[in-house]
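One file, upload_21.txt, is given below (compact mmCIF, C-alpha atoms).
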```
# COMPACT_ATOMS: atom_id res chain seq x y z
CA MET A 1 59.68 40.11 -90.35
CA ALA A 2 61.87 42.59 -88.57
CA SER A 3 62.85 41.65 -85.03
CA CYS A 4 61.08 43.40 -82.15
CA SER A 5 62.86 44.47 -78.97
CA HIS A 6 59.64 44.71 -76.88
CA PRO A 7 59.01 41.96 -74.34
CA SER A 8 56.63 39.29 -75.55
CA GLN A 9 54.44 39.54 -72.44
CA LEU A 10 53.62 43.16 -73.22
CA ILE A 11 50.92 42.22 -75.75
CA SER A 12 49.20 39.86 -73.31
CA LEU A 13 49.29 42.38 -70.51
CA VAL A 14 47.74 45.06 -72.68
CA TYR A 15 45.12 42.68 -74.09
CA ASP A 16 44.15 41.38 -70.62
CA ASN A 17 44.04 44.94 -69.28
CA GLU A 18 46.42 44.08 -66.47
CA LEU A 19 48.40 47.35 -66.50
CA ASP A 20 47.58 50.54 -64.71
CA GLU A 21 46.47 53.49 -66.76
CA ALA A 22 49.88 55.19 -67.21
CA ARG A 23 51.66 52.00 -68.20
CA ARG A 24 48.83 50.93 -70.44
CA ASP A 25 49.03 54.20 -72.33
CA GLU A 26 52.77 53.85 -72.70
CA ALA A 27 52.51 50.24 -73.86
CA THR A 28 49.71 51.06 -76.31
CA SER A 29 51.87 53.80 -77.76
CA GLN A 30 54.83 51.39 -78.10
CA ILE A 31 52.64 48.76 -79.78
CA ALA A 32 51.23 51.34 -82.19
CA ASP A 33 54.76 52.39 -83.18
CA CYS A 34 55.93 48.78 -83.62
CA PRO A 35 54.52 46.92 -86.65
CA GLU A 36 55.41 43.51 -85.23
CA CYS A 37 53.70 44.22 -81.91
CA THR A 38 50.66 45.55 -83.76
CA HIS A 39 50.55 42.34 -85.80
CA ARG A 40 50.82 40.17 -82.68
CA LEU A 41 48.01 42.05 -80.95
CA GLN A 42 45.75 41.73 -84.00
CA ARG A 43 46.53 38.00 -84.22
CA LEU A 44 45.74 37.55 -80.51
CA GLU A 45 42.43 39.39 -80.93
CA ARG A 46 41.47 37.22 -83.89
CA THR A 47 42.39 34.01 -82.06
CA HIS A 48 40.30 35.01 -79.07
CA GLU A 49 37.38 35.97 -81.25
CA THR A 50 37.52 32.66 -83.11
CA LEU A 51 37.79 30.67 -79.89
CA SER A 52 34.87 32.49 -78.28
CA GLN A 53 32.72 31.97 -81.34
CA THR A 54 33.52 28.25 -81.46
CA LEU A 55 32.79 27.78 -77.74
CA ASP A 56 29.51 29.66 -78.02
CA GLU A 57 28.44 27.44 -80.87
CA GLU A 58 29.38 24.24 -79.02
CA VAL A 59 27.62 25.33 -75.83
CA ALA A 60 24.51 26.26 -77.81
CA ARG A 61 24.28 22.67 -79.08
CA VAL A 62 24.31 21.17 -75.56
CA ASP A 63 20.91 20.49 -74.00
CA PHE A 64 21.02 21.35 -70.28
CA SER A 65 17.34 20.75 -69.65
CA ASP A 66 17.86 17.24 -68.20
CA PHE A 67 21.26 17.91 -66.62
CA TRP A 68 20.25 17.57 -62.92
CA PRO A 69 17.72 14.76 -63.47
CA ARG A 70 20.46 12.72 -65.14
CA ILE A 71 22.84 13.33 -62.23
CA GLU A 72 20.15 12.25 -59.78
CA GLN A 73 19.49 9.14 -61.84
CA GLY A 74 23.19 8.36 -61.79
CA ILE A 75 23.37 8.67 -58.03
CA ALA A 76 20.26 6.55 -57.58
CA ALA A 77 21.60 3.88 -59.90
CA GLN A 78 24.83 3.57 -57.92
CA PRO A 79 24.68 0.54 -55.58
CA ALA A 80 24.63 1.63 -51.96
CA SER A 81 27.55 0.16 -50.08
CA LEU A 82 27.19 -0.18 -46.31
CA THR A 83 30.91 0.19 -45.81
CA SER A 84 31.11 3.36 -47.84
CA GLN A 85 28.15 4.78 -45.92
CA TRP A 86 29.85 4.14 -42.61
CA ALA A 87 33.14 5.43 -43.96
CA SER A 88 31.44 8.62 -45.07
CA ARG A 89 29.76 9.01 -41.70
CA PHE A 90 33.07 8.45 -39.96
CA ARG A 91 34.79 11.04 -42.15
CA LEU A 92 32.03 13.54 -41.41
CA TRP A 93 32.24 12.79 -37.69
CA ARG A 94 36.00 13.17 -37.72
CA MET A 95 35.75 16.48 -39.56
CA GLN A 96 33.12 17.64 -37.10
CA TRP A 97 35.15 16.74 -34.04
CA HIS A 98 38.59 17.45 -35.34
CA ALA A 99 38.49 21.13 -34.44
CA PRO A 100 37.34 20.96 -30.80
CA PHE A 101 39.42 17.84 -30.06
CA SER A 102 42.15 18.39 -27.52
CA TRP A 103 44.71 16.16 -25.89
CA HIS A 104 43.85 17.57 -22.46
CA VAL A 105 40.92 15.23 -21.92
CA PRO A 106 42.77 11.99 -22.78
CA ALA A 107 45.77 13.19 -20.79
CA TRP A 108 43.70 13.75 -17.67
CA ALA A 109 41.77 10.54 -18.19
CA THR A 110 45.03 8.63 -18.42
CA ALA A 111 46.33 10.35 -15.29
CA VAL A 112 43.23 9.47 -13.28
CA GLY A 113 43.27 5.92 -14.60
CA LEU A 114 46.92 5.50 -13.64
CA PHE A 115 46.24 6.83 -10.16
CA LEU A 116 43.32 4.49 -9.59
CA PHE A 117 45.35 1.56 -10.87
CA THR A 118 48.32 2.44 -8.64
CA ALA A 119 46.09 2.93 -5.62
CA ALA A 120 44.41 -0.42 -6.24
CA VAL A 121 47.75 -2.19 -6.65
CA SER A 122 49.33 -0.51 -3.61
CA THR A 123 46.47 -1.60 -1.37
CA GLN A 124 46.80 -5.21 -2.52
CA LEU A 125 50.59 -5.64 -2.38
CA PRO A 126 51.93 -7.60 0.57
CA THR A 127 54.40 -5.72 2.70
CA SER A 128 58.04 -6.65 3.02
CA ARG A 129 57.50 -7.71 6.60
CA GLY A 130 55.01 -10.33 5.54
CA ALA A 131 51.87 -8.78 6.87
CA VAL A 132 48.87 -10.17 5.10
CA GLN A 133 46.75 -7.58 3.39
CA ILE A 134 43.10 -7.18 4.14
CA PRO A 135 41.17 -7.04 0.93
CA ALA A 136 38.69 -4.20 0.79
CA THR A 137 35.76 -6.47 0.20
CA LYS A 138 32.26 -5.89 1.33
CA LYS A 139 32.26 -8.92 3.59
CA PRO A 140 34.78 -9.02 6.40
CA VAL A 141 37.48 -11.65 6.26
CA ARG A 142 37.54 -13.29 9.60
CA VAL A 143 41.10 -14.32 10.16
CA ALA A 144 41.36 -14.02 13.90
CA LEU A 145 40.25 -17.38 15.25
CA ASN A 146 40.25 -16.22 18.80
CA ASN A 147 38.73 -12.77 19.10
CA GLN A 148 38.96 -12.57 22.84
CA ALA A 149 39.85 -9.07 23.91
CA GLN A 150 42.30 -8.26 26.63
CA ILE A 151 40.65 -5.54 28.64
CA GLU A 152 43.03 -3.18 30.36
CA SER A 153 40.46 -0.82 31.79
CA LEU A 154 36.71 -0.44 31.67
CA SER A 155 34.48 2.17 33.20
CA ALA A 156 30.82 2.95 32.72
CA THR A 157 28.01 4.98 34.17
CA SER A 158 25.63 2.04 34.15
CA THR A 159 25.82 -1.69 34.64
CA VAL A 160 28.25 -3.36 32.30
CA LEU A 161 28.38 -7.05 31.64
CA VAL A 162 31.30 -8.64 29.86
CA TRP A 163 31.45 -12.13 28.41
CA ASN A 164 32.87 -13.94 25.44
CA GLU A 165 30.61 -14.89 22.62
CA PRO A 166 31.02 -18.69 22.20
CA THR A 167 31.31 -18.94 18.40
CA SER A 168 34.34 -16.76 17.78
CA ASN A 169 35.20 -16.03 21.38
CA ALA A 170 34.62 -12.36 20.64
CA THR A 171 34.25 -10.22 23.71
CA VAL A 172 30.84 -8.71 24.33
CA ILE A 173 30.52 -5.57 26.43
CA TRP A 174 26.89 -5.17 27.38
CA VAL A 175 26.05 -1.70 28.58
CA ASP A 176 22.79 -2.44 30.35
CA GLU A 177 20.19 0.27 30.12
CA ILE A 178 17.73 -1.26 32.54
CA LEU A 179 19.27 -2.55 35.71
CA GLY A 180 18.39 -6.12 36.37
CA GLU A 181 17.13 -6.82 32.91
CA GLU A 182 17.50 -10.37 31.74
CA LEU A 183 20.64 -10.99 29.77
CA PRO A 184 20.28 -11.41 26.04
CA MET B 1 57.05 25.56 -21.46
CA ASN B 2 54.12 25.55 -23.83
CA MET B 3 50.55 24.48 -23.22
CA ARG B 4 51.08 21.04 -24.65
CA HIS B 5 53.83 20.32 -22.18
CA LEU B 6 51.70 21.66 -19.37
CA SER B 7 48.77 19.46 -20.32
CA PHE B 8 50.93 16.38 -19.73
CA SER B 9 53.19 17.53 -16.91
CA VAL B 10 50.41 18.69 -14.59
CA PRO B 11 48.53 15.35 -14.58
CA ALA B 12 51.81 13.47 -14.36
CA THR B 13 52.88 15.47 -11.30
CA LEU B 14 49.46 15.01 -9.76
CA VAL B 15 49.62 11.27 -10.31
CA PHE B 16 53.09 11.13 -8.77
CA PHE B 17 52.05 12.90 -5.59
CA LEU B 18 48.80 10.97 -5.30
CA CYS B 19 50.71 7.72 -5.63
CA ILE B 20 53.13 8.81 -2.93
CA ALA B 21 50.20 9.76 -0.71
CA SER B 22 48.47 6.44 -1.26
CA VAL B 23 51.62 4.53 -0.32
CA ALA B 24 52.20 6.74 2.71
CA LEU B 25 48.75 5.86 4.00
CA GLY B 26 49.92 2.32 4.55
CA ASP B 27 50.34 2.23 8.35
CA MET B 28 46.76 2.71 9.22
CA VAL B 29 43.98 0.82 10.86
CA HIS B 30 40.72 -0.10 9.23
CA ILE B 31 37.87 0.30 11.66
CA ARG B 32 34.54 -1.15 10.76
CA VAL B 33 31.42 -0.56 12.79
CA GLU B 34 28.25 -2.47 12.07
CA THR B 35 25.14 -1.63 14.05
CA VAL B 36 22.46 -4.26 14.33
CA LEU B 37 18.98 -3.79 15.72
CA ALA B 38 17.94 -6.93 17.56
CA THR B 39 14.29 -7.42 18.45
CA ASP B 40 11.82 -10.12 19.30
CA ALA B 41 9.18 -8.62 17.04
CA SER B 42 9.61 -11.12 14.24
CA GLN B 43 11.78 -13.96 12.99
CA GLU B 44 13.44 -11.88 10.30
CA PHE B 45 17.18 -12.16 9.79
CA ASP B 46 18.82 -9.56 7.57
CA ASN B 47 20.67 -11.23 4.69
CA ARG B 48 23.49 -8.69 5.02
CA LEU B 49 24.31 -10.17 8.41
CA THR B 50 24.96 -13.67 7.13
CA GLY B 51 28.67 -13.31 7.91
CA MET B 52 27.98 -12.94 11.63
CA ARG B 53 24.90 -15.10 11.86
CA SER B 54 26.41 -17.62 14.25
CA GLN B 55 27.68 -14.85 16.51
CA LEU B 56 24.37 -13.02 16.55
CA LEU B 57 22.39 -16.14 17.23
CA ALA B 58 24.27 -16.41 20.51
CA PHE B 59 22.19 -13.45 21.59
CA ARG B 60 18.72 -14.55 22.40
CA TYR B 61 16.75 -12.33 20.05
CA SER B 62 14.60 -13.55 17.20
CA ALA B 63 15.12 -10.80 14.63
CA TYR B 64 18.27 -9.02 13.54
CA ARG B 65 18.52 -6.14 11.10
CA LEU B 66 21.58 -4.22 9.99
CA VAL B 67 20.76 -0.56 10.51
CA GLN B 68 24.13 0.97 9.82
CA GLU B 69 27.56 0.08 8.56
CA GLU B 70 30.52 2.37 8.42
CA ARG B 71 34.18 1.88 7.62
CA ARG B 72 36.98 4.25 8.38
CA LYS B 73 40.70 4.24 7.93
CA VAL B 74 42.56 5.94 10.72
CA GLU B 75 46.14 6.43 11.82
CA PHE B 76 47.37 5.09 15.12
CA GLY B 77 46.72 7.63 17.83
CA LYS B 78 44.03 9.45 15.87
CA GLN B 79 40.42 9.50 16.99
CA VAL B 80 37.56 8.46 14.79
CA ASN B 81 33.88 8.95 15.55
CA PHE B 82 30.99 6.83 14.34
CA SER B 83 27.45 8.11 14.58
CA LEU B 84 25.03 5.55 15.92
CA PRO B 85 21.23 5.45 15.87
CA GLY B 86 19.44 7.36 18.59
CA GLY B 87 21.88 10.24 18.76
CA ARG B 88 24.67 8.10 20.16
CA PHE B 89 28.15 7.87 18.86
CA LEU B 90 31.13 5.68 19.22
CA GLN B 91 34.61 7.07 19.59
CA VAL B 92 37.49 4.78 18.68
CA VAL B 93 41.19 5.52 19.03
CA PRO B 94 43.60 2.84 17.83
CA LYS B 95 46.52 3.09 20.23
CA GLU B 96 49.16 0.63 19.18
CA TYR B 97 49.85 -2.58 17.38
CA VAL B 98 51.87 -5.15 19.27
CA ASN B 99 52.11 -8.91 18.82
CA GLU B 100 49.28 -9.05 16.32
CA GLN B 101 47.07 -7.23 18.81
CA ILE B 102 45.50 -3.87 18.18
CA ALA B 103 45.01 -1.75 21.25
CA LEU B 104 41.86 0.34 21.08
CA HIS B 105 40.32 2.98 23.22
CA VAL B 106 36.57 2.68 22.77
CA MET B 107 34.04 5.12 24.17
CA LEU B 108 30.28 4.91 23.81
CA MET B 109 28.72 8.35 24.11
CA GLU B 110 25.09 9.32 24.51
CA GLY B 111 22.96 12.34 25.28
CA ALA B 112 22.42 15.91 24.11
CA SER B 113 25.71 16.95 25.65
CA PRO B 114 27.46 13.67 25.01
CA SER B 115 28.82 11.95 28.06
CA PRO B 116 30.63 8.63 28.03
CA LEU B 117 28.38 5.73 28.90
CA MET B 118 31.25 3.32 28.69
CA SER B 119 34.94 3.74 28.18
CA THR B 120 37.39 0.92 27.79
CA LEU B 121 40.97 0.35 26.79
CA LEU B 122 41.43 -3.10 25.35
CA SER B 123 43.31 -5.12 22.77
CA ILE B 124 41.80 -7.33 20.15
CA PRO B 125 43.60 -9.53 17.64
CA ASN B 126 44.39 -8.06 14.26
CA ARG B 127 41.21 -8.49 12.23
CA GLY B 128 39.42 -9.36 15.37
CA MET B 129 36.18 -7.94 16.62
CA LEU B 130 34.33 -6.80 19.66
CA PHE B 131 30.67 -6.47 20.45
CA VAL B 132 29.17 -3.58 22.32
CA GLY B 133 25.48 -3.83 23.01
CA GLY B 134 22.63 -3.14 25.30
CA ARG B 135 21.32 0.27 24.30
CA LYS B 136 17.63 0.42 23.45
CA HIS B 137 16.40 1.73 20.12
CA GLN B 138 13.01 1.56 18.40
CA GLY B 139 11.70 -1.25 20.55
CA GLY B 140 14.83 -3.30 20.18
CA THR B 141 18.39 -3.43 21.33
CA LEU B 142 21.44 -2.23 19.48
CA ILE B 143 24.33 -4.63 19.02
CA ILE B 144 27.43 -2.98 17.63
CA ARG B 145 30.20 -5.02 16.14
CA ILE B 146 33.54 -3.25 16.02
CA GLY B 147 36.20 -4.75 13.81
CA ALA B 148 39.79 -3.57 13.49
CA ALA B 149 42.48 -4.56 11.03
CA ALA B 150 45.96 -3.16 10.65
CA ASP B 151 47.12 -2.66 7.09
CA THR B 152 50.77 -3.22 7.70
CA LEU B 153 53.07 -3.92 10.56
CA PRO B 154 54.35 -0.59 11.77
CA PRO B 155 58.14 -0.26 11.65
CA THR B 156 58.25 0.33 15.38
CA ILE B 157 55.74 -0.06 18.10
CA ILE B 158 53.64 3.04 18.01
CA LYS B 159 52.72 4.41 21.38
CA THR B 160 50.76 7.52 21.98
CA GLU B 161 50.48 9.77 24.95
CA GLU B 162 47.46 9.22 27.14
```
Please express the file's structure as structure tokens.
Amino acid sequence: MASCSHPSQLISLVYDNELDEARRDEATSQIADCPECTHRLQRLERTHETLSQTLDEEVARVDFSDFWPRIEQGIAAQPASLTSQWASRFRLWRMQWHAPFSWHVPAWATAVGLFLFTAAVSTQLPTSRGAVQIPATKKPVRVALNNQAQIESLSATSTVLVWNEPTSNATVIWVDEILGEELP
Amino acid sequence: MNMRHLSFSVPATLVFFLCIASVALGDMVHIRVETVLATDASQEFDNRLTGMRSQLLAFRYSAYRLVQEERRKVEFGKQVNFSLPGGRFLQVVPKEYVNEQIALHVMLMEGASPSPLMSTLLSIPNRGMLFVGGRKHQGGTLIIRIGAAADTLPPTIIKTEE
């Protein structure tokens, strides 16, 4: 067989109709003038025809009537694994939330958490001068054993009685509303 | 700077300044005002007053009920007001902190155009307390316990202008 100078892809391009009209006409003309190209094209057409015929025959023998029922039976017959179910749900959840997820929320949450932690620690730390901290508890911590007040000045528009409460020696300033009323 | 950097730097800066602010609030006074209604109408003693039971029992009433409790944190020299039942209010100004004593200016105000019923300048021990009582309310008498506690020792004695 005489050698052909045409590119080997030319036959495929013409056969698959992948060239525009002008180029296809030119290529068809070249193939028609070249015996080897004409032979290749004919061989390609025959191969395709044979392959199509064979596939059609094979497909015609296959029975698709119970295709989906058999798939359903196969799924039903598969043992259900709890782990795989949860894994599937997790994958679905992750896919669902992957798009809207942003680092802004965890960043802010971390910032607020750090602030609260620092504030809590700073209110509990003893000072360098040794002052004892007062815990922010609901109940007061009574540290002062003698609560007696030192009064520098006192003025009132009504009768005022002052004494020290005996238990903790706390000073009581009684602003009497009714003059002469019995002391509590 | 892109958005990712911003999303971290803004909270970080905020945290930094908030931390600084929380530390700077150190030299303050905690003022706690508890208002108790004492009556002879029953023998009931409010469980929330257990901590001052012995002190309250020194008053000769039979029933004690906590009607209000308020805590404030205030700087030396700054005024803080506490609303009391019956349209009264208590004005407290922590003046200074010397020798474990907190100097307080306490004013009890009453009336539509509030006028001072009682005004006193006194010192109580750090974490000490003071009772102010005698005003009538709902068939009973109000007993107000005022507690003060300094957070830290101030670096110098803080004095304020009168």
Practice problem: May I have the residues within 10 Å of stretch 29-41 of chain A as a list in words, using all atoms listed in the file and disregarding those fewer than 6 positions away in the same chain? | Solution: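 Returned residues: Met1, Ala2, Ser3, Cys4, Ser5, His6, Pro7, Ser8, Leu10, Ile11, Ser12, Val14, Tyr15, Arg23 and Thr47 of chain A.
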Practice problem: Specify as a PyMOL selection string all residues of chain A found within 6 Å of chain B, counting only C-alpha atoms. | Solution: chain A and resi 104+108+111+115+131+144+147+149-157+167+170-177+184
Quiz item: Rounded to one decimal in Å, what is the spacing between atom CA of B:Lys78 and atom CA of B:Val92?
Solution: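 So the answer is 8.5 Å.
The two atoms in question, atom CA of B:Phe45 and atom CA of A:Thr159, are spaced 28.3 Å apart.
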Quiz item: What is the distance between atom CA of B:Gly87 and atom CA of B:Arg72, in Å to one decimal?
Solution: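 Straight-line distance from atom CA of B:Gly87 to atom CA of B:Arg72 works out to 19.3 Å.
Minimum atom-to-atom distances from B:Ile146, B:Asn99, B:Ser113, B:Gln138 to B:Ala41 were compared using only C-alpha atoms, and the lowest value belongs to B:Gln138.
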Self-check item: Ref. answer, residues at most 12 Å from (26.2, 8.5, 16.7) with only C-alpha atoms, as number ranges by chain
Solution: B: 33, 35, 68-70, 80-91, 107-112, 114, 144
First collect every listed atom of stretch 42-47 of chain A; then fit an axis-aligned box around them, widen it by 3 Å on each side, and give centre and edge lengths in Å to one decimal, as AutoDock Vina command-line options.
```
--center_x 44.0 --center_y 37.9 --center_z -82.4 --size_x 11.1 --size_y 13.7 --size_z 9.7
```
